[in-house]
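S.K.: The structure file query29.cif (mmCIF, C-alpha atoms and all ligand atoms) is provided below.
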```
data_my_file
loop_
_atom_site.label_atom_id
_atom_site.label_comp_id
_atom_site.auth_asym_id
_atom_site.auth_seq_id
_atom_site.Cartn_x
_atom_site.Cartn_y
_atom_site.Cartn_z
CA MET A 1 51.00 270.88 106.12
CA LYS A 2 52.74 267.56 105.53
CA GLU A 3 53.57 266.71 101.93
CA GLY A 4 52.92 263.43 100.16
CA LEU A 5 51.53 260.34 101.72
CA GLU A 6 52.98 260.99 105.13
CA GLY A 7 49.96 261.60 107.30
CA LEU A 8 47.58 259.66 105.03
CA ARG A 9 44.11 259.90 106.54
CA VAL A 10 41.93 256.82 106.18
CA GLU A 11 38.19 256.87 106.70
CA LEU A 12 36.54 253.52 106.06
CA THR A 13 32.99 253.19 104.83
CA ALA A 14 30.39 252.50 107.49
CA ALA A 15 28.34 250.62 104.90
CA PRO A 16 30.46 248.15 102.89
CA ARG A 17 28.43 247.10 99.86
CA GLY A 18 29.82 243.64 99.39
CA VAL A 19 31.10 242.54 95.99
CA PRO A 20 28.17 242.01 93.59
CA PRO A 21 28.12 238.53 91.98
CA ASP A 22 28.37 239.85 88.39
CA ALA A 23 30.94 242.57 89.27
CA THR A 24 33.22 241.85 86.30
CA ALA A 25 30.55 241.45 83.62
CA ASN A 26 30.64 244.98 82.19
CA PHE A 27 34.12 246.50 81.99
CA GLY A 28 34.55 249.49 84.29
CA THR A 29 31.00 249.90 85.57
CA VAL A 30 31.35 248.56 89.11
CA PHE A 31 33.50 250.46 91.61
CA THR A 32 34.92 249.41 94.96
CA ASP A 33 33.98 250.98 98.30
CA HIS A 34 36.81 253.52 98.59
CA ILE A 35 38.60 256.31 96.74
CA PHE A 36 42.08 257.80 97.22
CA GLN A 37 42.25 261.59 96.93
CA MET A 38 44.99 264.19 97.17
CA ARG A 39 44.93 267.90 96.31
CA TYR A 40 47.42 270.31 94.84
CA ASP A 41 47.52 274.02 95.46
CA ALA A 42 50.13 276.42 94.10
CA GLY A 43 52.58 277.25 96.85
CA GLN A 44 51.59 274.18 98.83
CA GLY A 45 52.32 271.30 96.47
CA TRP A 46 50.45 267.99 96.68
CA HIS A 47 48.90 267.68 100.12
CA ASP A 48 46.31 266.01 102.33
CA PRO A 49 46.25 262.43 101.00
CA GLU A 50 43.07 260.65 102.05
CA ILE A 51 41.30 257.36 101.53
CA LEU A 52 37.57 257.93 101.84
CA PRO A 53 34.32 256.07 101.25
CA LEU A 54 33.56 256.33 97.52
CA ALA A 55 31.29 259.33 96.91
CA ASP A 56 30.43 261.62 94.03
CA LEU A 57 32.75 264.56 93.40
CA SER A 58 31.28 268.00 93.73
CA LEU A 59 32.56 270.38 91.04
CA ALA A 60 31.40 273.91 90.25
CA PRO A 61 30.14 274.15 86.64
CA GLY A 62 33.01 276.57 85.97
CA THR A 63 35.69 274.06 87.01
CA SER A 64 38.34 274.35 84.32
CA VAL A 65 38.75 270.62 83.60
CA LEU A 66 35.13 270.54 82.41
CA HIS A 67 35.91 273.19 79.80
CA TYR A 68 39.49 272.63 78.69
CA ALA A 69 40.27 269.00 79.61
CA GLN A 70 43.43 269.75 81.55
CA ALA A 71 43.55 266.21 82.88
CA VAL A 72 45.55 263.00 82.69
CA PHE A 73 44.90 259.45 83.73
CA ASP A 74 46.43 256.02 83.60
CA GLY A 75 45.17 252.46 83.81
CA LEU A 76 46.80 249.43 85.41
CA LYS A 77 45.74 246.15 86.89
CA GLY A 78 45.99 244.13 90.06
CA PHE A 79 45.60 240.34 90.04
CA ARG A 80 44.82 237.67 92.57
CA GLY A 81 47.47 235.06 91.93
CA ARG A 82 46.80 231.37 92.04
CA ASP A 83 48.54 231.52 95.46
CA GLY A 84 45.91 234.04 96.66
CA VAL A 85 48.44 236.91 96.82
CA VAL A 86 47.29 240.22 95.28
CA ARG A 87 49.90 241.78 92.99
CA LEU A 88 50.02 244.90 90.82
CA PHE A 89 51.51 244.66 87.34
CA ARG A 90 54.31 247.19 86.73
CA PRO A 91 52.96 249.95 89.00
CA GLU A 92 56.20 251.98 88.74
CA ALA A 93 55.94 252.07 84.93
CA HIS A 94 52.39 253.41 85.20
CA ALA A 95 53.40 256.00 87.81
CA GLN A 96 56.22 257.15 85.51
CA ARG A 97 53.83 257.47 82.60
CA LEU A 98 51.37 259.44 84.74
CA ARG A 99 54.21 261.86 85.51
CA ARG A 100 55.16 262.20 81.82
CA SER A 101 51.52 262.73 80.84
CA ALA A 102 51.14 265.36 83.58
CA GLU A 103 54.22 267.25 82.37
CA ARG A 104 52.79 267.43 78.83
CA LEU A 105 49.48 268.81 80.14
CA ALA A 106 51.17 271.46 82.35
CA ILE A 107 50.05 269.60 85.46
CA PRO A 108 52.47 269.51 88.42
CA PRO A 109 53.65 265.89 88.54
CA ILE A 110 53.23 263.73 91.63
CA ALA A 111 56.31 261.90 92.94
CA GLU A 112 56.23 258.39 91.49
CA GLU A 113 56.70 256.74 94.86
CA TRP A 114 53.61 258.54 96.20
CA VAL A 115 51.58 257.37 93.23
CA VAL A 116 52.73 253.77 93.71
CA GLU A 117 51.95 254.02 97.42
CA SER A 118 48.46 255.32 96.64
CA PHE A 119 47.92 252.22 94.45
CA LEU A 120 49.12 249.85 97.16
CA ARG A 121 47.25 251.52 100.02
CA LEU A 122 43.89 251.66 98.26
CA VAL A 123 44.11 248.14 96.84
CA ASP A 124 45.02 246.88 100.31
CA ILE A 125 41.86 248.42 101.74
CA ASP A 126 39.59 247.11 98.96
CA ARG A 127 41.51 243.85 98.63
CA GLU A 128 38.41 241.66 98.85
CA TRP A 129 37.24 243.22 95.55
CA VAL A 130 40.12 241.70 93.57
CA PRO A 131 38.45 238.89 91.63
CA ALA A 132 40.07 235.47 91.51
CA GLU A 133 38.88 233.94 88.25
CA ARG A 134 41.43 233.80 85.43
CA GLY A 135 40.75 236.56 82.93
CA THR A 136 39.53 238.92 85.65
CA ALA A 137 41.44 241.66 87.46
CA LEU A 138 41.14 244.82 89.50
CA TYR A 139 41.51 247.83 87.19
CA LEU A 140 43.09 250.90 88.81
CA ARG A 141 42.25 254.29 87.34
CA PRO A 142 44.48 257.11 88.66
CA THR A 143 43.32 260.50 87.37
CA ILE A 144 44.40 264.13 87.81
CA ILE A 145 42.01 266.99 87.02
CA ALA A 146 42.36 270.79 87.00
CA THR A 147 40.11 272.28 89.67
CA ASP A 148 40.46 276.08 89.35
CA ILE A 149 37.04 277.61 88.90
CA ALA A 150 37.66 279.76 85.84
CA VAL A 151 36.60 279.73 82.22
CA GLY A 152 39.51 281.95 81.21
CA LEU A 153 42.10 279.66 79.63
CA HIS A 154 45.24 279.23 81.71
CA PRO A 155 46.96 276.33 83.43
CA SER A 156 45.12 275.61 86.66
CA HIS A 157 46.68 276.49 90.02
CA SER A 158 44.84 273.69 91.80
CA PHE A 159 44.33 270.02 90.99
CA LEU A 160 42.71 266.89 92.35
CA TYR A 161 44.35 263.48 92.09
CA PHE A 162 42.00 260.59 92.64
CA LEU A 163 42.25 256.84 92.28
CA ILE A 164 39.27 254.55 91.82
CA LEU A 165 39.12 250.77 91.38
CA CYS A 166 36.92 248.45 89.31
CA PRO A 167 36.76 244.66 89.26
CA VAL A 168 36.90 243.80 85.55
CA GLY A 169 36.72 240.94 83.08
CA ALA A 170 37.31 240.94 79.32
CA TYR A 171 37.50 244.38 77.67
CA TYR A 172 36.03 243.48 74.29
CA ALA A 173 32.61 241.92 73.85
CA GLU A 174 34.39 239.45 71.55
CA GLY A 175 36.34 238.19 74.60
CA ALA A 176 39.46 236.51 73.25
CA ALA A 177 38.10 236.17 69.69
CA PRO A 178 40.01 238.15 67.03
CA VAL A 179 38.80 241.69 66.34
CA SER A 180 38.36 243.35 62.97
CA ILE A 181 39.97 246.75 62.35
CA VAL A 182 39.61 249.38 59.66
CA ALA A 183 42.18 251.99 58.68
CA THR A 184 40.80 255.50 58.35
CA GLU A 185 42.15 258.28 56.16
CA GLU A 186 39.46 260.69 57.31
CA PHE A 187 40.36 260.96 61.00
CA VAL A 188 43.65 260.99 62.89
CA ARG A 189 44.29 260.25 66.54
CA ALA A 190 47.40 262.33 67.08
CA ALA A 191 49.65 264.71 65.17
CA PRO A 192 53.38 265.41 65.66
CA GLY A 193 53.76 267.90 68.49
CA GLY A 194 50.32 267.01 69.84
CA LEU A 195 49.19 264.85 72.74
CA GLY A 196 49.57 261.36 71.28
CA ASP A 197 52.10 260.08 73.79
CA ALA A 198 50.20 261.44 76.82
CA LYS A 199 47.37 259.50 78.40
CA THR A 200 44.90 262.33 78.44
CA PRO A 201 41.12 262.47 77.92
CA ALA A 202 41.34 264.61 74.76
CA ASN A 203 42.96 261.75 72.80
CA TYR A 204 40.11 259.44 73.67
CA ALA A 205 37.44 262.06 72.92
CA ALA A 206 39.11 262.64 69.54
CA SER A 207 38.85 258.93 68.75
CA LEU A 208 35.16 258.42 69.42
CA LEU A 209 33.58 259.50 66.15
CA ALA A 210 36.04 257.43 64.11
CA GLY A 211 35.26 254.47 66.37
CA GLU A 212 31.54 254.87 65.73
CA ARG A 213 32.14 255.02 61.97
CA ALA A 214 34.22 251.84 62.19
CA LYS A 215 31.39 250.06 64.02
CA GLU A 216 28.84 251.24 61.44
CA ALA A 217 31.07 249.69 58.79
CA GLY A 218 31.10 246.39 60.70
CA TYR A 219 34.51 246.63 62.38
CA THR A 220 35.46 246.48 66.06
CA GLN A 221 38.14 249.19 66.07
CA VAL A 222 39.97 251.84 64.08
CA LEU A 223 43.46 251.31 62.72
CA TRP A 224 45.05 254.73 63.14
CA LEU A 225 47.39 256.10 60.48
CA ASP A 226 49.88 258.93 60.92
CA ALA A 227 48.53 262.46 60.61
CA VAL A 228 51.03 263.71 58.02
CA GLU A 229 51.01 261.16 55.19
CA ARG A 230 48.08 258.93 56.27
CA ARG A 231 50.36 256.10 55.35
CA TRP A 232 52.09 254.70 58.43
CA ILE A 233 50.20 252.58 60.94
CA GLU A 234 50.31 253.94 64.50
CA GLU A 235 47.83 252.34 66.92
CA VAL A 236 44.70 250.21 66.91
CA GLY A 237 41.72 251.47 68.89
CA THR A 238 43.17 252.19 72.34
CA MET A 239 46.04 249.73 71.89
CA ASN A 240 49.52 249.53 70.40
CA ILE A 241 49.81 247.35 67.29
CA MET A 242 52.26 244.59 66.38
CA ALA A 243 52.56 242.30 63.36
CA ARG A 244 54.56 239.26 62.37
CA ILE A 245 55.79 239.52 58.80
CA GLY A 246 57.94 236.61 57.70
CA GLU A 247 60.34 235.93 60.57
CA GLU A 248 60.24 239.51 61.85
CA VAL A 249 57.96 241.03 64.48
CA VAL A 250 57.34 244.70 63.76
CA THR A 251 55.75 247.53 65.68
CA PRO A 252 55.73 251.27 64.98
CA PRO A 253 58.46 253.22 66.83
CA LEU A 254 57.54 255.58 69.67
CA GLY A 255 58.00 259.04 68.25
CA GLY A 256 55.63 261.35 70.10
CA THR A 257 52.34 260.36 68.46
CA ILE A 258 52.11 256.88 69.97
CA LEU A 259 51.38 256.03 73.60
CA ALA A 260 54.26 254.17 75.24
CA GLY A 261 52.21 251.17 76.28
CA VAL A 262 53.34 249.19 79.30
CA THR A 263 52.00 245.99 77.72
CA ARG A 264 53.79 246.99 74.48
CA ASP A 265 57.07 247.22 76.39
CA SER A 266 56.37 243.95 78.21
CA ALA A 267 55.63 242.13 74.94
CA LEU A 268 58.78 243.49 73.26
CA ARG A 269 60.96 242.45 76.18
CA LEU A 270 59.46 238.98 76.31
CA MET A 271 59.84 238.42 72.56
CA ARG A 272 63.46 239.64 72.63
CA SER A 273 64.15 237.28 75.55
CA TRP A 274 62.75 234.46 73.39
CA GLY A 275 65.32 235.29 70.70
CA LEU A 276 62.81 236.61 68.17
CA LYS A 277 63.76 239.32 65.70
CA VAL A 278 61.79 242.37 66.84
CA SER A 279 61.96 245.71 65.01
CA GLU A 280 60.49 249.04 66.02
CA ARG A 281 60.16 250.60 62.59
CA PRO A 282 57.58 252.41 60.47
CA ILE A 283 55.10 250.09 58.71
CA ALA A 284 53.13 251.38 55.72
CA ILE A 285 49.48 250.35 55.51
CA ASP A 286 49.99 249.35 51.87
CA ALA A 287 52.85 247.04 52.83
CA LEU A 288 50.79 245.51 55.65
CA VAL A 289 47.85 244.79 53.36
CA ALA A 290 50.14 243.47 50.61
CA ALA A 291 51.79 241.13 53.14
CA ALA A 292 48.35 239.93 54.29
CA LYS A 293 47.46 239.12 50.68
CA ASP A 294 50.66 237.31 49.80
CA GLY A 295 50.59 235.37 53.08
CA THR A 296 53.82 236.73 54.59
CA LEU A 297 51.78 238.54 57.24
CA SER A 298 50.99 235.72 59.61
CA GLU A 299 49.69 237.58 62.67
CA VAL A 300 48.54 241.00 63.83
CA TRP A 301 47.68 241.86 67.42
CA GLY A 302 47.07 244.77 69.71
CA THR A 303 48.58 245.21 73.18
CA GLY A 304 47.05 247.21 76.01
CA THR A 305 46.41 246.98 79.72
CA ALA A 306 42.67 246.46 79.38
CA ALA A 307 42.65 243.66 76.76
CA VAL A 308 46.31 242.54 77.36
CA VAL A 309 46.97 240.95 73.92
CA SER A 310 44.17 240.96 71.37
CA ALA A 311 44.33 239.19 68.01
CA VAL A 312 43.32 240.99 64.81
CA GLY A 313 41.52 238.74 62.34
CA GLU A 314 40.65 241.20 59.60
CA ILE A 315 41.89 244.54 58.24
CA GLY A 316 39.76 246.96 56.25
CA TRP A 317 41.54 249.29 53.83
CA ARG A 318 40.02 251.45 51.09
CA GLY A 319 36.84 249.41 50.88
CA GLU A 320 38.52 246.01 50.91
CA ARG A 321 38.42 243.49 53.79
CA VAL A 322 41.58 241.42 54.09
CA ARG A 323 41.78 238.45 56.44
CA VAL A 324 44.81 237.76 58.62
CA ASN A 325 45.69 234.16 59.51
CA ASP A 326 42.28 233.07 58.25
CA GLY A 327 40.61 235.22 60.92
CA LYS A 328 42.15 233.21 63.76
CA ALA A 329 44.51 234.16 66.60
CA GLY A 330 48.07 233.20 65.68
CA ALA A 331 50.54 231.13 67.69
CA LEU A 332 52.74 234.06 68.77
CA THR A 333 49.71 236.13 69.78
CA ARG A 334 48.56 233.26 72.01
CA ARG A 335 52.06 232.68 73.36
CA LEU A 336 52.35 236.34 74.34
CA TYR A 337 48.92 236.42 75.96
CA ASP A 338 49.74 233.26 77.90
CA ALA A 339 53.18 234.51 78.96
CA VAL A 340 52.04 237.93 80.17
CA THR A 341 49.00 236.58 82.00
CA ALA A 342 50.98 233.70 83.55
CA ILE A 343 53.29 236.30 85.13
CA GLN A 344 50.30 238.42 86.20
CA TYR A 345 48.58 235.50 87.95
CA ALA A 346 51.87 234.19 89.39
CA GLU A 347 51.56 230.94 87.47
CA ALA A 348 55.07 231.45 86.09
CA PRO A 349 58.28 233.05 87.44
CA ASP A 350 58.56 236.83 87.06
CA PRO A 351 62.06 237.18 85.55
CA PHE A 352 61.74 240.93 84.92
CA GLY A 353 60.41 241.79 88.39
CA TRP A 354 57.20 243.23 86.97
CA THR A 355 54.80 242.34 89.77
CA VAL A 356 54.59 244.00 93.17
CA SER A 357 52.73 242.29 96.03
CA VAL A 358 50.24 244.49 97.86
CA PRO A 359 51.31 244.57 101.51
CA ALA A 360 48.88 244.44 104.42
CA TYR A 361 49.27 247.89 105.98
CA ASN A 362 47.08 247.28 109.01
C1 LIG B 1 43.96 250.13 77.53
O1 LIG B 1 44.37 249.65 78.56
O2 LIG B 1 44.08 249.56 76.46
C2 LIG B 1 43.23 251.40 77.61
O3 LIG B 1 43.70 252.42 77.26
C3 LIG B 1 41.91 251.17 78.11
C4 LIG B 1 40.97 252.26 78.38
C5 LIG B 1 40.57 253.05 77.21
C6 LIG B 1 39.77 251.63 79.07
#
```
Represent the structure contained in this file as structure tokens.
M.R.:
Amino acid sequence: MKEGLEGLRVELTAAPRGVPPDATANFGTVFTDHIFQMRYDAGQGWHDPEILPLADLSLAPGTSVLHYAQAVFDGLKGFRGRDGVVRLFRPEAHAQRLRRSAERLAIPPIAEEWVVESFLRLVDIDREWVPAERGTALYLRPTIIATDIAVGLHPSHSFLYFLILCPVGAYYAEGAAPVSIVATEEFVRAAPGGLGDAKTPANYAASLLAGERAKEAGYTQVLWLDAVERRWIEEVGTMNIMARIGEEVVTPPLGGTILAGVTRDSALRLMRSWGLKVSERPIAIDALVAAAKDGTLSEVWGTGTAAVVSAVGEIGWRGERVRVNDGKAGALTRRLYDAVTAIQYAEAPDPFGWTVSVPAYN
């Protein structure tokens, strides 16, 4: 048996569906015609890479991932540049994170170059699905699941890696309008020693009830505090958080409970290249709210692959609603959004070498 992507088998659909006209209207609900799959078996390693017509998976009800969530995923985007070329944004960084997430979940990692090749190969085949309008993209969802059929708890001996693709538009219903966030002391997203820095389904499942409570209270998203003191801000919804206080841009440091966002890293590198003072340091919720009240907090935003850069217009804390920048997106938030997306759509030079063109394999 050949290992890795050598010997990739490609079976094209006999019935291409054509891209529906409203394909990007509802984030992540429309899928392209093909799927990439590869299996792992103990003793054999990762083997039999295939691109197949998209079809439902068939899993026995006793498949361990359905019971114990031994699974990881990632999310990245491809863009159709203004020159018509399709490019992926930082695919190596996402492949590296998928490997780190897999290691934390006791999943045998896949060589990063194979993961990147799976991205490029599948996007090449479904290239026509990459939307062209600014603000749209192709979202790539690589996922690894445990496939042993066993309800006894142990790390699986077999896994499935699959990659699916969705044409997408804006992530939030608000579009680019600022979101409102509420800090919770009742729920936490991640504790020290837990899964917070892995992109794994359990983290997202753990966030859902708090998210519903936030919506009931009239907010878009939860502002997560640390699990130990419920004092230090960590993330916002599914994004990393940044704030501009006085002349300093601050963001919580990566310390095991925070996902190492690729957009977070991109934003930090851009701002440092612009000569801004950027600090990765703990930020207390009390200090953030106090700065919002005395006007030194001029901007708050979230960074993530799905929404890219998303302004925060209001913070809820202990029953009080505090506005940030009068509820409007700030100048640095807009500058960052514009700079990242200009690189993504090849409207500006790519000084960090973040984009990778998707070659034509056939
Ligand atoms: C992100 O890119 O911000 C995500 O994690 C999105 C995902 C939950 C759809």
S.K.: List the neighbours of range 16-32 of chain A out to 9 Å using all atoms listed in the file; skip same-chain residues closer than 2 positions along the sequence, and give me the result as a CSV table (one decimal) with C-alpha atoms, in the frame of the given file.
M.R.:
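Saved to around_22.csv:
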```
chain,number,residue,atom,x,y,z
A,12,LEU,CA,36.5,253.5,106.1
A,13,THR,CA,33.0,253.2,104.8
A,14,ALA,CA,30.4,252.5,107.5
A,34,HIS,CA,36.8,253.5,98.6
A,35,ILE,CA,38.6,256.3,96.7
A,53,PRO,CA,34.3,256.1,101.2
A,54,LEU,CA,33.6,256.3,97.5
A,126,ASP,CA,39.6,247.1,99.0
A,128,GLU,CA,38.4,241.7,98.8
A,129,TRP,CA,37.2,243.2,95.6
A,131,PRO,CA,38.4,238.9,91.6
A,136,THR,CA,39.5,238.9,85.6
A,137,ALA,CA,41.4,241.7,87.5
A,139,TYR,CA,41.5,247.8,87.2
A,164,ILE,CA,39.3,254.6,91.8
A,165,LEU,CA,39.1,250.8,91.4
A,166,CYS,CA,36.9,248.4,89.3
A,167,PRO,CA,36.8,244.7,89.3
A,168,VAL,CA,36.9,243.8,85.6
A,169,GLY,CA,36.7,240.9,83.1
A,170,ALA,CA,37.3,240.9,79.3
A,171,TYR,CA,37.5,244.4,77.7
A,172,TYR,CA,36.0,243.5,74.3
A,306,ALA,CA,42.7,246.5,79.4
```
S.K.: List every protein, DNA or RNA residue with an atom no more than 10 Å from (45.0, 247.8, 108.9) in the file's coordinates, counting all atoms listed in the file, and format the result as a list in words.
M.R.: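 Residues with an atom at most 10 Å from (45.0, 247.8, 108.9): Val10, Arg121, Asp124, Ile125, Ala360, Tyr361 and Asn362 of chain A.
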S.K.: Residues of chain A within 7 Å of ligand LIG 1 (chain B): nearest atom pair and distance (Å, one decimal) for each, counting all atoms listed in the file, sorted by chain and number, as a tab-separated table?
M.R.:
```
residue	atom	partner	partner_atom	distance
A:Gly75	CA	B:LIG1	O1	6.0
A:Thr238	CA	B:LIG1	O3	5.0
A:Met239	CA	B:LIG1	O2	5.0
A:Gly304	CA	B:LIG1	O2	3.8
A:Thr305	CA	B:LIG1	O1	3.6
A:Ala306	CA	B:LIG1	O1	3.7
A:Ala307	CA	B:LIG1	O2	6.1
```
S.K.: For each of A:Thr63, A:Gln96, A:Ser118, A:Thr341, take the minimum atom-to-atom distance to Val262 in chain A, counting all atoms listed in the file, then give the residue where this is smallest.
M.R.: A:Gln96
S.K.: So the first atom is CA of Ala339 in chain A and the second is CA of Ile245 in chain A; what is the distance between them in Å, to one decimal place?
M.R.: 20.9 Å
S.K.: Could you give me the centre and size, in Å to one decimal, of an axis-aligned box around all listed atoms of range 295-313 of chain A with 6 Å added on every side, as lines of an AutoDock Vina configuration file?
M.R.:
```
center_x = 47.7
center_y = 241.3
center_z = 66.4
size_x = 24.3
size_y = 23.8
size_z = 38.6
```
S.K.: Between CA of Leu225 in chain A and CA of Phe187 in chain A, measure the distance and give it in Å to one decimal.
M.R.: 8.6 Å
